[in-house]
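query03.csv follows (CSV, C-alpha atoms and all ligand atoms):
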```
chain,number,residue,atom,x,y,z
A,335,MET,CA,52.0,90.8,118.1
A,336,ASP,CA,49.5,89.3,115.7
A,337,ALA,CA,49.3,85.7,114.6
A,338,THR,CA,50.7,86.5,111.1
A,339,ALA,CA,53.8,88.0,112.5
A,340,ARG,CA,54.4,85.2,115.0
A,341,LEU,CA,54.2,82.6,112.2
A,342,SER,CA,56.9,84.3,110.3
A,343,PHE,CA,59.1,81.2,109.7
A,344,THR,CA,60.2,80.7,106.1
A,345,ILE,CA,59.3,77.8,103.9
A,346,PRO,CA,62.4,77.2,101.8
A,347,SER,CA,61.8,76.7,98.1
A,348,ALA,CA,63.0,73.7,96.2
A,349,GLU,CA,66.2,73.7,94.2
A,350,PRO,CA,64.8,74.6,90.7
A,351,ALA,CA,66.6,71.9,88.6
A,352,LEU,CA,65.9,69.1,91.1
A,353,ALA,CA,62.5,68.1,89.8
A,354,ALA,CA,63.8,67.6,86.3
A,355,ARG,CA,66.7,65.5,87.6
A,356,LEU,CA,64.4,63.4,89.7
A,357,ARG,CA,62.1,62.8,86.7
A,358,ALA,CA,65.1,61.7,84.6
A,359,ALA,CA,66.1,59.4,87.4
A,360,VAL,CA,62.7,57.8,87.6
A,361,ASP,CA,62.6,57.4,83.8
A,362,GLY,CA,66.0,55.7,83.9
A,363,LYS,CA,64.9,53.0,86.3
A,364,ALA,CA,64.6,49.3,85.2
A,365,LYS,CA,61.1,49.6,83.8
A,366,PRO,CA,59.3,51.2,80.8
A,367,PRO,CA,59.0,55.0,81.3
A,368,GLY,CA,55.7,55.8,83.0
A,369,SER,CA,54.9,52.2,83.9
A,370,LEU,CA,54.6,53.0,87.6
A,371,GLY,CA,52.0,55.6,86.9
A,372,ARG,CA,51.2,58.1,89.6
A,373,LEU,CA,53.8,56.5,91.9
A,374,GLU,CA,56.4,58.1,89.7
A,375,ASP,CA,54.9,61.5,90.3
A,376,LEU,CA,54.8,60.8,94.0
A,377,ALA,CA,58.5,59.8,94.0
A,378,VAL,CA,59.4,63.1,92.3
A,379,ARG,CA,57.4,65.0,94.8
A,380,LEU,CA,59.0,63.3,97.8
A,381,GLY,CA,62.5,64.0,96.4
A,382,THR,CA,61.5,67.6,95.7
A,383,ILE,CA,60.0,68.2,99.2
A,384,ARG,CA,63.1,66.6,100.9
A,385,ASN,CA,65.4,68.3,98.4
A,386,THR,CA,67.3,65.0,97.8
A,387,GLU,CA,67.6,62.4,95.0
A,388,ALA,CA,67.3,59.6,97.6
A,389,PRO,CA,64.2,60.4,99.8
A,390,ARG,CA,63.0,58.2,102.6
A,391,ALA,CA,59.6,57.8,104.2
A,392,ASP,CA,60.6,55.4,106.9
A,393,LYS,CA,59.8,57.2,110.2
A,394,ALA,CA,56.3,58.5,110.1
A,395,VAL,CA,54.6,60.4,112.9
A,396,LEU,CA,50.8,61.0,113.0
A,397,LEU,CA,50.1,64.1,114.9
A,398,LEU,CA,46.5,63.5,116.0
A,399,PHE,CA,44.9,66.6,117.5
A,400,ALA,CA,41.8,66.4,119.6
A,401,GLY,CA,39.4,69.3,120.5
A,402,ASP,CA,35.7,70.0,121.3
A,403,HIS,CA,33.3,72.4,119.7
A,404,GLY,CA,30.8,74.8,121.4
A,405,LEU,CA,28.7,74.4,118.3
A,406,CYS,CA,27.7,70.9,119.6
A,407,GLU,CA,25.2,72.8,121.9
A,408,GLU,CA,23.2,73.3,118.6
A,409,GLY,CA,23.0,69.6,117.9
A,410,VAL,CA,25.4,69.7,114.9
A,411,SER,CA,26.7,66.2,115.6
A,412,ALA,CA,24.7,63.0,116.2
A,413,TYR,CA,27.2,62.3,119.0
A,414,PRO,CA,27.8,64.1,122.3
A,415,SER,CA,31.0,66.0,122.9
A,416,ALA,CA,32.0,63.4,125.6
A,417,VAL,CA,32.8,61.0,122.8
A,418,THR,CA,35.9,63.1,122.0
A,419,ALA,CA,37.5,62.4,125.4
A,420,ALA,CA,36.4,58.8,125.3
A,421,MET,CA,38.1,58.3,121.9
A,422,VAL,CA,41.3,60.0,123.1
A,423,ALA,CA,41.4,57.4,125.9
A,424,THR,CA,40.8,54.7,123.3
A,425,LEU,CA,43.6,56.1,121.1
A,426,LEU,CA,45.9,56.1,124.1
A,427,ALA,CA,45.0,52.5,124.9
A,428,GLY,CA,45.9,51.6,121.3
A,429,ARG,CA,42.5,50.4,120.4
A,430,ALA,CA,41.0,53.0,117.9
A,431,ALA,CA,41.0,52.6,114.2
A,432,ALA,CA,44.0,54.9,113.8
A,433,SER,CA,45.8,52.9,116.5
A,434,VAL,CA,45.4,49.5,114.8
A,435,PHE,CA,46.3,51.0,111.3
A,436,ALA,CA,49.4,52.7,112.8
A,437,ARG,CA,50.6,49.4,114.1
A,438,SER,CA,49.9,47.7,110.9
A,439,VAL,CA,52.0,50.2,108.9
A,440,GLY,CA,54.6,50.9,111.5
A,441,ALA,CA,53.8,54.6,112.3
A,442,GLU,CA,53.9,56.4,115.6
A,443,ILE,CA,50.8,58.3,116.8
A,444,ARG,CA,51.1,61.3,119.1
A,445,VAL,CA,47.8,62.3,120.5
A,446,VAL,CA,47.6,66.0,121.3
A,447,ASP,CA,45.0,67.6,123.5
A,448,ALA,CA,44.4,70.8,121.5
A,449,GLY,CA,41.2,71.7,123.4
A,450,VAL,CA,39.1,68.8,124.7
A,451,THR,CA,36.4,69.9,127.2
A,452,ALA,CA,37.2,67.2,129.7
A,453,ASP,CA,40.2,67.4,132.0
A,454,LEU,CA,42.7,65.0,130.5
A,455,SER,CA,45.7,66.1,132.7
A,456,ASP,CA,46.2,62.7,134.2
A,457,HIS,CA,46.4,60.8,130.9
A,458,ALA,CA,49.9,59.4,130.5
A,459,GLY,CA,51.1,59.5,126.9
A,460,LEU,CA,49.0,62.4,125.9
A,461,VAL,CA,50.6,65.6,124.7
A,462,HIS,CA,49.1,68.4,126.8
A,463,ALA,CA,48.7,71.5,124.6
A,464,LYS,CA,45.1,72.5,125.5
A,465,VAL,CA,44.5,76.2,124.5
A,466,ARG,CA,41.1,76.2,126.1
A,467,SER,CA,38.3,73.7,127.1
A,468,GLY,CA,36.5,73.6,123.7
A,469,THR,CA,35.6,76.4,121.5
A,470,ARG,CA,32.8,78.9,122.1
A,471,ASN,CA,29.5,78.3,120.3
A,472,ALA,CA,30.1,79.8,116.9
A,473,ALA,CA,26.3,80.1,116.2
A,474,ARG,CA,26.2,82.7,119.0
A,475,GLU,CA,29.7,84.3,119.2
A,476,ALA,CA,33.2,84.0,117.9
A,477,ALA,CA,34.6,80.6,118.7
A,478,LEU,CA,38.1,81.8,119.6
A,479,THR,CA,39.9,85.0,120.4
A,480,PRO,CA,42.7,86.1,118.0
A,481,ALA,CA,45.2,85.2,120.8
A,482,GLU,CA,43.8,81.7,121.0
A,483,VAL,CA,44.0,81.3,117.2
A,484,GLY,CA,47.7,82.3,117.3
A,485,GLU,CA,48.4,79.9,120.3
A,486,ALA,CA,46.8,77.0,118.4
A,487,LEU,CA,48.7,77.6,115.2
A,488,GLU,CA,52.0,78.0,117.1
A,489,ARG,CA,51.5,74.9,119.2
A,490,GLY,CA,50.7,72.8,116.2
A,491,ALA,CA,53.9,74.1,114.4
A,492,ALA,CA,55.9,73.3,117.6
A,493,GLU,CA,54.6,69.7,117.6
A,494,ALA,CA,55.6,69.3,114.0
A,495,ALA,CA,59.1,70.7,114.8
A,496,ARG,CA,59.4,68.3,117.7
A,497,ALA,CA,58.4,65.3,115.5
A,498,VAL,CA,61.0,66.4,112.9
A,499,GLY,CA,63.6,66.8,115.7
A,500,ASP,CA,62.8,63.2,116.7
A,501,GLY,CA,63.6,62.0,113.2
A,502,ALA,CA,60.3,62.0,111.4
A,503,ASP,CA,60.7,61.6,107.6
A,504,VAL,CA,57.0,62.2,107.1
A,505,VAL,CA,54.4,64.0,109.2
A,506,LEU,CA,50.7,62.9,109.0
A,507,ILE,CA,47.9,65.2,110.3
A,508,GLY,CA,44.7,63.8,111.8
A,509,GLU,CA,42.0,64.8,114.2
A,510,MET,CA,39.3,63.7,116.7
A,511,GLY,CA,36.7,66.2,117.7
A,512,ILE,CA,32.9,65.7,117.8
A,513,GLY,CA,31.3,68.5,115.8
A,514,ASN,CA,34.4,69.3,113.8
A,515,THR,CA,32.8,68.6,110.4
A,516,ALA,CA,30.5,71.6,111.2
A,517,ALA,CA,33.4,73.9,112.1
A,518,ALA,CA,35.3,72.7,109.0
A,519,ALA,CA,32.3,73.4,106.8
A,520,LEU,CA,32.1,77.0,108.0
A,521,LEU,CA,35.8,77.5,107.4
A,522,MET,CA,35.6,76.0,103.9
A,523,HIS,CA,32.5,78.2,103.1
A,524,ARG,CA,34.2,81.4,104.1
A,525,LEU,CA,37.8,80.7,103.0
A,526,LEU,CA,37.3,79.0,99.7
A,527,PRO,CA,34.7,80.6,99.4
A,528,ALA,CA,31.9,78.3,98.4
A,529,PRO,CA,28.1,78.3,99.1
A,530,LEU,CA,27.5,76.9,102.6
A,531,GLU,CA,25.3,74.0,101.3
A,532,ARG,CA,28.2,72.7,99.3
A,533,CYS,CA,30.3,72.4,102.4
A,534,ILE,CA,28.0,70.6,104.7
A,535,GLY,CA,27.9,66.8,104.9
A,536,LEU,CA,26.7,64.0,107.2
A,537,GLY,CA,29.8,64.0,109.3
A,538,ALA,CA,29.8,61.0,111.6
A,539,GLY,CA,26.2,60.3,110.5
A,540,HIS,CA,22.8,62.0,110.6
A,541,ASP,CA,19.2,61.3,110.1
A,542,GLU,CA,17.0,63.8,108.2
A,543,ALA,CA,16.2,65.8,111.4
A,544,GLY,CA,19.9,65.8,112.4
A,545,ILE,CA,21.2,67.1,109.1
A,546,ALA,CA,18.4,69.8,109.1
A,547,ARG,CA,19.6,70.9,112.6
A,548,LYS,CA,23.2,71.0,111.4
A,549,ARG,CA,22.2,73.1,108.3
A,550,ASP,CA,20.2,75.5,110.4
A,551,ALA,CA,22.9,76.0,113.0
A,552,LEU,CA,25.6,76.6,110.4
A,553,ALA,CA,23.4,79.1,108.5
A,554,ARG,CA,23.0,81.0,111.7
A,555,ALA,CA,26.7,80.9,112.4
A,556,ALA,CA,27.5,82.1,108.9
A,557,ALA,CA,24.9,84.9,109.1
A,558,ARG,CA,26.3,86.1,112.4
A,559,THR,CA,29.5,87.4,110.8
A,560,GLY,CA,30.6,88.7,107.4
A,561,ALA,CA,34.3,88.0,108.1
A,562,THR,CA,36.4,87.0,105.1
A,563,GLU,CA,40.0,87.8,106.2
A,564,THR,CA,41.7,84.5,107.1
A,565,PHE,CA,42.6,85.1,110.8
A,566,GLU,CA,39.2,86.7,111.4
A,567,VAL,CA,37.5,83.6,109.9
A,568,LEU,CA,39.6,81.3,112.0
A,569,ALA,CA,38.6,83.2,115.2
A,570,GLU,CA,34.9,83.2,114.2
A,571,PHE,CA,34.6,79.5,113.5
A,572,GLY,CA,37.6,78.0,115.3
A,573,GLY,CA,38.3,74.4,115.7
A,574,LEU,CA,41.4,74.2,118.0
A,575,GLU,CA,42.3,70.8,116.5
A,576,ILE,CA,41.8,72.1,113.0
A,577,LEU,CA,44.1,75.1,113.7
A,578,MET,CA,46.8,72.9,115.3
A,579,MET,CA,46.7,70.7,112.2
A,580,ALA,CA,47.2,73.8,110.1
A,581,GLY,CA,50.1,74.9,112.3
A,582,ALA,CA,51.6,71.4,112.1
A,583,ALA,CA,51.4,71.5,108.3
A,584,LEU,CA,53.2,74.8,108.3
A,585,GLY,CA,55.8,73.6,110.7
A,586,ALA,CA,56.5,70.4,108.7
A,587,ALA,CA,56.6,72.3,105.4
A,588,ALA,CA,59.2,74.7,106.9
A,589,ALA,CA,61.3,71.6,107.8
A,590,ARG,CA,60.9,70.2,104.3
A,591,ARG,CA,58.9,67.2,105.4
A,592,PRO,CA,56.0,65.8,103.4
A,593,VAL,CA,52.7,66.4,105.2
A,594,VAL,CA,50.2,63.6,104.6
A,595,VAL,CA,46.7,65.1,104.8
A,596,ASP,CA,43.7,62.9,105.8
A,597,GLY,CA,40.1,63.5,104.9
A,598,PHE,CA,37.7,66.5,104.9
A,599,ILE,CA,38.6,68.1,108.2
A,600,ALA,CA,42.4,67.7,107.7
A,601,THR,CA,42.0,69.1,104.2
A,602,VAL,CA,40.3,72.2,105.6
A,603,ALA,CA,43.3,72.5,107.9
A,604,ALA,CA,45.5,72.2,104.8
A,605,LEU,CA,43.5,75.0,103.2
A,606,VAL,CA,44.1,77.2,106.2
A,607,ALA,CA,47.8,76.5,106.0
A,608,VAL,CA,47.9,77.4,102.3
A,609,ARG,CA,45.9,80.6,102.9
A,610,ILE,CA,48.5,81.6,105.6
A,611,ARG,CA,51.6,80.5,103.5
A,612,PRO,CA,50.8,79.6,99.9
A,613,GLU,CA,54.2,78.0,99.5
A,614,ALA,CA,53.1,75.3,102.0
A,615,ARG,CA,51.0,73.7,99.2
A,616,ASP,CA,54.2,72.1,97.7
A,617,SER,CA,54.6,69.9,100.8
A,618,LEU,CA,51.1,68.6,101.0
A,619,ILE,CA,50.3,65.0,99.9
A,620,PHE,CA,46.6,64.3,99.9
A,621,ALA,CA,45.9,60.7,101.1
A,622,HIS,CA,42.4,60.1,100.0
A,623,ARG,CA,39.0,61.3,98.8
A,624,SER,CA,36.6,61.2,101.7
A,625,ALA,CA,32.9,60.4,101.3
A,626,GLU,CA,32.1,63.6,103.2
A,627,ALA,CA,30.2,66.0,100.9
A,628,GLY,CA,32.4,69.0,100.2
A,629,HIS,CA,35.7,67.1,100.1
A,630,ALA,CA,35.7,66.8,96.3
A,631,LEU,CA,35.3,70.5,95.8
A,632,LEU,CA,37.9,71.3,98.4
A,633,LEU,CA,40.4,69.0,96.7
A,634,GLU,CA,39.6,70.4,93.3
A,635,THR,CA,40.2,73.9,94.5
A,636,LEU,CA,43.5,72.9,96.0
A,637,GLY,CA,44.5,71.2,92.7
A,638,ALA,CA,44.8,67.9,94.6
A,639,SER,CA,44.5,64.4,93.2
A,640,PRO,CA,44.4,62.2,96.3
A,641,LEU,CA,46.1,58.8,96.3
A,642,LEU,CA,43.2,56.7,97.5
A,643,ASP,CA,39.5,56.6,97.0
A,644,LEU,CA,38.1,54.0,99.5
A,645,GLY,CA,34.9,55.7,100.6
A,646,LEU,CA,36.4,56.5,104.0
A,647,ARG,CA,34.8,59.0,106.2
A,648,LEU,CA,36.3,58.5,109.6
A,649,GLY,CA,39.1,60.9,110.3
A,650,GLU,CA,41.7,60.2,113.0
A,651,GLY,CA,44.4,60.3,110.3
A,652,THR,CA,43.2,56.8,109.1
A,653,GLY,CA,43.4,57.7,105.4
A,654,GLY,CA,46.9,59.0,105.8
A,655,LEU,CA,48.1,55.9,107.5
A,656,LEU,CA,46.6,53.8,104.7
A,657,ALA,CA,48.4,55.9,102.1
A,658,LEU,CA,51.8,55.7,103.9
A,659,PRO,CA,52.9,52.4,102.3
A,660,LEU,CA,52.6,54.2,98.9
A,661,LEU,CA,54.9,56.9,100.0
A,662,ARG,CA,57.4,54.3,101.3
A,663,ALA,CA,57.3,52.4,98.0
A,664,ALA,CA,57.7,55.6,95.9
A,665,ALA,CA,60.7,56.7,98.0
A,666,ALA,CA,62.3,53.2,97.8
A,667,MET,CA,61.8,53.1,94.1
A,668,LEU,CA,63.7,56.4,93.7
A,669,SER,CA,66.4,55.5,96.2
A,670,ASP,CA,67.0,51.8,95.8
A,671,MET,CA,65.8,50.5,92.4
A,672,ALA,CA,68.3,49.6,89.7
A,673,THR,CA,68.6,51.6,86.5
A,674,LEU,CA,67.8,50.1,83.1
A,675,GLU,CA,71.4,50.9,82.2
A,676,GLU,CA,72.7,48.7,85.1
A,677,VAL,CA,70.3,45.9,84.1
A,678,LEU,CA,71.5,46.0,80.4
A,679,ALA,CA,75.1,46.1,81.5
A,680,GLY,CA,74.5,43.0,83.7
A,681,ALA,CA,75.4,45.0,86.8
A,682,ALA,CA,72.1,44.7,88.7
B,701,LIG,C1,33.0,56.9,117.8
B,701,LIG,C2,33.6,57.9,116.9
B,701,LIG,C3,34.9,57.8,116.5
B,701,LIG,C4,35.4,58.8,115.6
B,701,LIG,N1,36.7,58.9,115.1
B,701,LIG,C5,36.7,59.9,114.3
B,701,LIG,N2,35.4,60.5,114.2
B,701,LIG,C6,35.1,61.6,113.3
B,701,LIG,O1,33.8,62.1,113.6
B,701,LIG,C7,33.8,63.4,114.1
B,701,LIG,C8,33.2,64.4,113.1
B,701,LIG,O2,31.9,64.1,112.8
B,701,LIG,P1,30.7,65.1,113.4
B,701,LIG,O3,31.1,66.5,113.0
B,701,LIG,O4,29.5,64.6,112.8
B,701,LIG,O5,30.7,65.0,114.9
B,701,LIG,C9,35.3,63.7,114.4
B,701,LIG,O6,35.6,63.3,115.7
B,701,LIG,C10,36.0,62.8,113.4
B,701,LIG,O7,37.3,62.6,113.7
B,701,LIG,C11,34.6,59.8,115.0
B,701,LIG,C12,33.3,59.9,115.4
B,701,LIG,C13,32.8,59.0,116.3
B,701,LIG,C14,31.3,59.1,116.7
B,702,LIG,O1,36.6,63.0,105.9
B,702,LIG,C1,36.8,63.0,107.1
B,702,LIG,O2,37.9,63.3,107.6
B,702,LIG,C2,35.6,62.8,108.0
B,702,LIG,C3,34.4,62.7,107.6
B,702,LIG,C4,33.3,62.5,108.4
B,702,LIG,C5,33.5,62.4,109.8
B,702,LIG,N1,34.8,62.5,110.2
B,702,LIG,C6,35.8,62.7,109.4
```
Rewritten as structure tokens:
Amino acid sequence: MDATARLSFTIPSAEPALAARLRAAVDGKAKPPGSLGRLEDLAVRLGTIRNTEAPRADKAVLLLFAGDHGLCEEGVSAYPSAVTAAMVATLLAGRAAASVFARSVGAEIRVVDAGVTADLSDHAGLVHAKVRSGTRNAAREAALTPAEVGEALERGAAEAARAVGDGADVVLIGEMGIGNTAAAALLMHRLLPAPLERCIGLGAGHDEAGIARKRDALARAAARTGATETFEVLAEFGGLEILMMAGAALGAAAARRPVVVDGFIATVAALVAVRIRPEARDSLIFAHRSAEAGHALLLETLGASPLLDLGLRLGEGTGGLLALPLLRAAAAMLSDMATLEEVLAGAA
């Protein structure tokens, strides 16, 4: 069975009249209409996604997928692949940027081994979902087999379903994977489509020679295959953590949960999800505009206006965690705030 058939869950559509009722409810709150700006739109979106007039964003689970990239053999990152496993250990120890942000906003992180090269089987607290030990080198051959693509998407969807089963109101997607801005650039280039140069950025950081190496390797990977069909492109360029994020977005959308999308790499995963199931777009909330070149074009193509613009370029779901208090405030406004009518009647 091919991956498309196996991902055949339905994403329910929203009740048609609900958005208008939610907008009227927001307008009727104890404030001048429109005075809470984009938070009002966010509140309407949260209600629409959850199909309720009283949405909550209390329990938030960040699904943080980790994976390695064969492309690193070409020097696409300034850092060695071993940093991926080292950062997984740091996340599990509660000491990474995402860990401290998650504590500060009260969110749970589930770190998932999507395809880290190192053997992490003895790490307590890690979700073991390794599809294979890193992708193949996409500059030389297809990064993944079609079966591996399907596995990664399905396992990501299963993690989202598990988080929802455990009571998640909101699912955040994030990643750790040295070299993944390179894989993400190739996916963006072929799926959007957009000229490759517009998709390549500095990633975790590069000097002149480093960015030239990255450009050269990605040009060779792109020239190796003319694939444009979604699942073929996913197999050619891979990214196990990217595909699991896409699967998680689809799984959360199917359960009518908002999906908070982090930076460049997570947005490429969101693009993959939308290419597989266009209706998943309605559940996506874009947390921030990353400093990574390419993110602005990607957001524009997805019709997304991210909540924050802080010059972040880290990943790990950090932007999503920082945006979470805005979701909670928007949900609380819709669910708990007095109406102007109550105020004027002296009832609030
Ligand atoms: C210490 C460290 C922690 C990170 N946390 C996230 N990233 C981010 O940088 C990587 C992508 O950049 P590139 O494609 O250039 O390798 C990913 O792991 C991403 O999550 C990190 C990178 C480093 C070095
Ligand atoms: O925008 C991101 O998510 C990003 C950018 C650079 C490096 N790592 C992540």
Please measure the separation of CA of Glu349 (chain A) and CA of Arg591 (chain A), giving the value in Å to one decimal.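 Computing it gives 14.9 Å between the two atoms.
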What does the structure give for the distance between CA of Gly508 (chain A) and CA of Glu575 (chain A), in Å to one decimal?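 According to the coordinates, CA of Gly508 (chain A) and CA of Glu575 (chain A) are separated by 8.8 Å.
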Which residues form the shell of 6 Å around ligand LIG 701 (chain B) when you count only C-alpha atoms and all ligand atoms, given as a PDB file with C-alpha atoms, in the frame of the given file?
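Listing of result14.pdb after writing:
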```pdb
ATOM      1  CA  SER A 411      26.700  66.200 115.600  1.00  0.00           C
ATOM      2  CA  TYR A 413      27.200  62.300 119.000  1.00  0.00           C
ATOM      3  CA  GLU A 509      42.000  64.800 114.200  1.00  0.00           C
ATOM      4  CA  MET A 510      39.300  63.700 116.700  1.00  0.00           C
ATOM      5  CA  GLY A 511      36.700  66.200 117.700  1.00  0.00           C
ATOM      6  CA  ILE A 512      32.900  65.700 117.800  1.00  0.00           C
ATOM      7  CA  GLY A 513      31.300  68.500 115.800  1.00  0.00           C
ATOM      8  CA  ASN A 514      34.400  69.300 113.800  1.00  0.00           C
ATOM      9  CA  THR A 515      32.800  68.600 110.400  1.00  0.00           C
ATOM     10  CA  ALA A 516      30.500  71.600 111.200  1.00  0.00           C
ATOM     11  CA  GLY A 537      29.800  64.000 109.300  1.00  0.00           C
ATOM     12  CA  ALA A 538      29.800  61.000 111.600  1.00  0.00           C
ATOM     13  CA  GLY A 539      26.200  60.300 110.500  1.00  0.00           C
ATOM     14  CA  LEU A 648      36.300  58.500 109.600  1.00  0.00           C
ATOM     15  CA  GLY A 649      39.100  60.900 110.300  1.00  0.00           C
ATOM     16  CA  GLU A 650      41.700  60.200 113.000  1.00  0.00           C
TER      17      GLU A 650
END
```
Just checking: using only C-alpha atoms, which residue out of A:Ala569, A:Pro640, A:Ala486, A:Ala561 ends up closest to Val594 (chain A)? A:Pro640
Return as a VMD selection string the residues of protein, DNA or RNA that approach ligand LIG 702 (chain B) to within 12 Å, with all atoms listed in the file taken into account. chain A and resid 411 to 413 418 507 to 519 533 to 540 576 595 to 603 620 to 630 632 to 633 643 to 654
Selection file, C-alpha atoms, as a short mmCIF file (atom, residue, chain, number, x, y, z; two decimals), in the frame of the given file:
```cif
data_model
loop_
_atom_site.label_atom_id
_atom_site.label_comp_id
_atom_site.auth_asym_id
_atom_site.auth_seq_id
_atom_site.Cartn_x
_atom_site.Cartn_y
_atom_site.Cartn_z
CA SER A 411 26.70 66.20 115.60
CA ALA A 412 24.70 63.00 116.20
CA TYR A 413 27.20 62.30 119.00
CA THR A 418 35.90 63.10 122.00
CA ILE A 507 47.90 65.20 110.30
CA GLY A 508 44.70 63.80 111.80
CA GLU A 509 42.00 64.80 114.20
CA MET A 510 39.30 63.70 116.70
CA GLY A 511 36.70 66.20 117.70
CA ILE A 512 32.90 65.70 117.80
CA GLY A 513 31.30 68.50 115.80
CA ASN A 514 34.40 69.30 113.80
CA THR A 515 32.80 68.60 110.40
CA ALA A 516 30.50 71.60 111.20
CA ALA A 517 33.40 73.90 112.10
CA ALA A 518 35.30 72.70 109.00
CA ALA A 519 32.30 73.40 106.80
CA CYS A 533 30.30 72.40 102.40
CA ILE A 534 28.00 70.60 104.70
CA GLY A 535 27.90 66.80 104.90
CA LEU A 536 26.70 64.00 107.20
CA GLY A 537 29.80 64.00 109.30
CA ALA A 538 29.80 61.00 111.60
CA GLY A 539 26.20 60.30 110.50
CA HIS A 540 22.80 62.00 110.60
CA ILE A 576 41.80 72.10 113.00
CA VAL A 595 46.70 65.10 104.80
CA ASP A 596 43.70 62.90 105.80
CA GLY A 597 40.10 63.50 104.90
CA PHE A 598 37.70 66.50 104.90
CA ILE A 599 38.60 68.10 108.20
CA ALA A 600 42.40 67.70 107.70
CA THR A 601 42.00 69.10 104.20
CA VAL A 602 40.30 72.20 105.60
CA ALA A 603 43.30 72.50 107.90
CA PHE A 620 46.60 64.30 99.90
CA ALA A 621 45.90 60.70 101.10
CA HIS A 622 42.40 60.10 100.00
CA ARG A 623 39.00 61.30 98.80
CA SER A 624 36.60 61.20 101.70
CA ALA A 625 32.90 60.40 101.30
CA GLU A 626 32.10 63.60 103.20
CA ALA A 627 30.20 66.00 100.90
CA GLY A 628 32.40 69.00 100.20
CA HIS A 629 35.70 67.10 100.10
CA ALA A 630 35.70 66.80 96.30
CA LEU A 632 37.90 71.30 98.40
CA LEU A 633 40.40 69.00 96.70
CA ASP A 643 39.50 56.60 97.00
CA LEU A 644 38.10 54.00 99.50
CA GLY A 645 34.90 55.70 100.60
CA LEU A 646 36.40 56.50 104.00
CA ARG A 647 34.80 59.00 106.20
CA LEU A 648 36.30 58.50 109.60
CA GLY A 649 39.10 60.90 110.30
CA GLU A 650 41.70 60.20 113.00
CA GLY A 651 44.40 60.30 110.30
CA THR A 652 43.20 56.80 109.10
CA GLY A 653 43.40 57.70 105.40
CA GLY A 654 46.90 59.00 105.80
#
```
Radius query 12 Å about (37.3, 67.3, 127.5), atoms used: all atoms listed in the file, as a ChimeraX atom specification: /A:400-404,414-423,447-455,457,462,464-469,510-512
Write to file, as a PDB file, in the frame of the given file, the residues of the selection just made, with C-alpha atoms.
```pdb
ATOM      1  CA  ALA A 400      41.800  66.400 119.600  1.00  0.00           C
ATOM      2  CA  GLY A 401      39.400  69.300 120.500  1.00  0.00           C
ATOM      3  CA  ASP A 402      35.700  70.000 121.300  1.00  0.00           C
ATOM      4  CA  HIS A 403      33.300  72.400 119.700  1.00  0.00           C
ATOM      5  CA  GLY A 404      30.800  74.800 121.400  1.00  0.00           C
ATOM      6  CA  PRO A 414      27.800  64.100 122.300  1.00  0.00           C
ATOM      7  CA  SER A 415      31.000  66.000 122.900  1.00  0.00           C
ATOM      8  CA  ALA A 416      32.000  63.400 125.600  1.00  0.00           C
ATOM      9  CA  VAL A 417      32.800  61.000 122.800  1.00  0.00           C
ATOM     10  CA  THR A 418      35.900  63.100 122.000  1.00  0.00           C
ATOM     11  CA  ALA A 419      37.500  62.400 125.400  1.00  0.00           C
ATOM     12  CA  ALA A 420      36.400  58.800 125.300  1.00  0.00           C
ATOM     13  CA  MET A 421      38.100  58.300 121.900  1.00  0.00           C
ATOM     14  CA  VAL A 422      41.300  60.000 123.100  1.00  0.00           C
ATOM     15  CA  ALA A 423      41.400  57.400 125.900  1.00  0.00           C
ATOM     16  CA  ASP A 447      45.000  67.600 123.500  1.00  0.00           C
ATOM     17  CA  ALA A 448      44.400  70.800 121.500  1.00  0.00           C
ATOM     18  CA  GLY A 449      41.200  71.700 123.400  1.00  0.00           C
ATOM     19  CA  VAL A 450      39.100  68.800 124.700  1.00  0.00           C
ATOM     20  CA  THR A 451      36.400  69.900 127.200  1.00  0.00           C
ATOM     21  CA  ALA A 452      37.200  67.200 129.700  1.00  0.00           C
ATOM     22  CA  ASP A 453      40.200  67.400 132.000  1.00  0.00           C
ATOM     23  CA  LEU A 454      42.700  65.000 130.500  1.00  0.00           C
ATOM     24  CA  SER A 455      45.700  66.100 132.700  1.00  0.00           C
ATOM     25  CA  HIS A 457      46.400  60.800 130.900  1.00  0.00           C
ATOM     26  CA  HIS A 462      49.100  68.400 126.800  1.00  0.00           C
ATOM     27  CA  LYS A 464      45.100  72.500 125.500  1.00  0.00           C
ATOM     28  CA  VAL A 465      44.500  76.200 124.500  1.00  0.00           C
ATOM     29  CA  ARG A 466      41.100  76.200 126.100  1.00  0.00           C
ATOM     30  CA  SER A 467      38.300  73.700 127.100  1.00  0.00           C
ATOM     31  CA  GLY A 468      36.500  73.600 123.700  1.00  0.00           C
ATOM     32  CA  THR A 469      35.600  76.400 121.500  1.00  0.00           C
ATOM     33  CA  MET A 510      39.300  63.700 116.700  1.00  0.00           C
ATOM     34  CA  GLY A 511      36.700  66.200 117.700  1.00  0.00           C
ATOM     35  CA  ILE A 512      32.900  65.700 117.800  1.00  0.00           C
TER      36      ILE A 512
END
```
When distances are computed from all atoms listed in the file, which of A:Leu574, A:Leu520, A:Met579, A:Val567 shows the smallest separation from Arg549 (chain A)?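 Ranking A:Leu574, A:Leu520, A:Met579, A:Val567 by distance to Arg549 (chain A), first place goes to A:Leu520.
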As AutoDock Vina command-line options: centre and edge lengths in Å, one decimal, of the axis-aligned box holding region 590-593 of chain A with 4 Å per side:
```
--center_x 56.8 --center_y 68.0 --center_z 104.4 --size_x 16.2 --size_y 12.4 --size_z 10.0
```
What is the distance between CA of Ala607 (chain A) and CA of Ala553 (chain A), in Å to one decimal?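 Value for the CA of Ala607 (chain A)-CA of Ala553 (chain A) distance: 24.7 Å.
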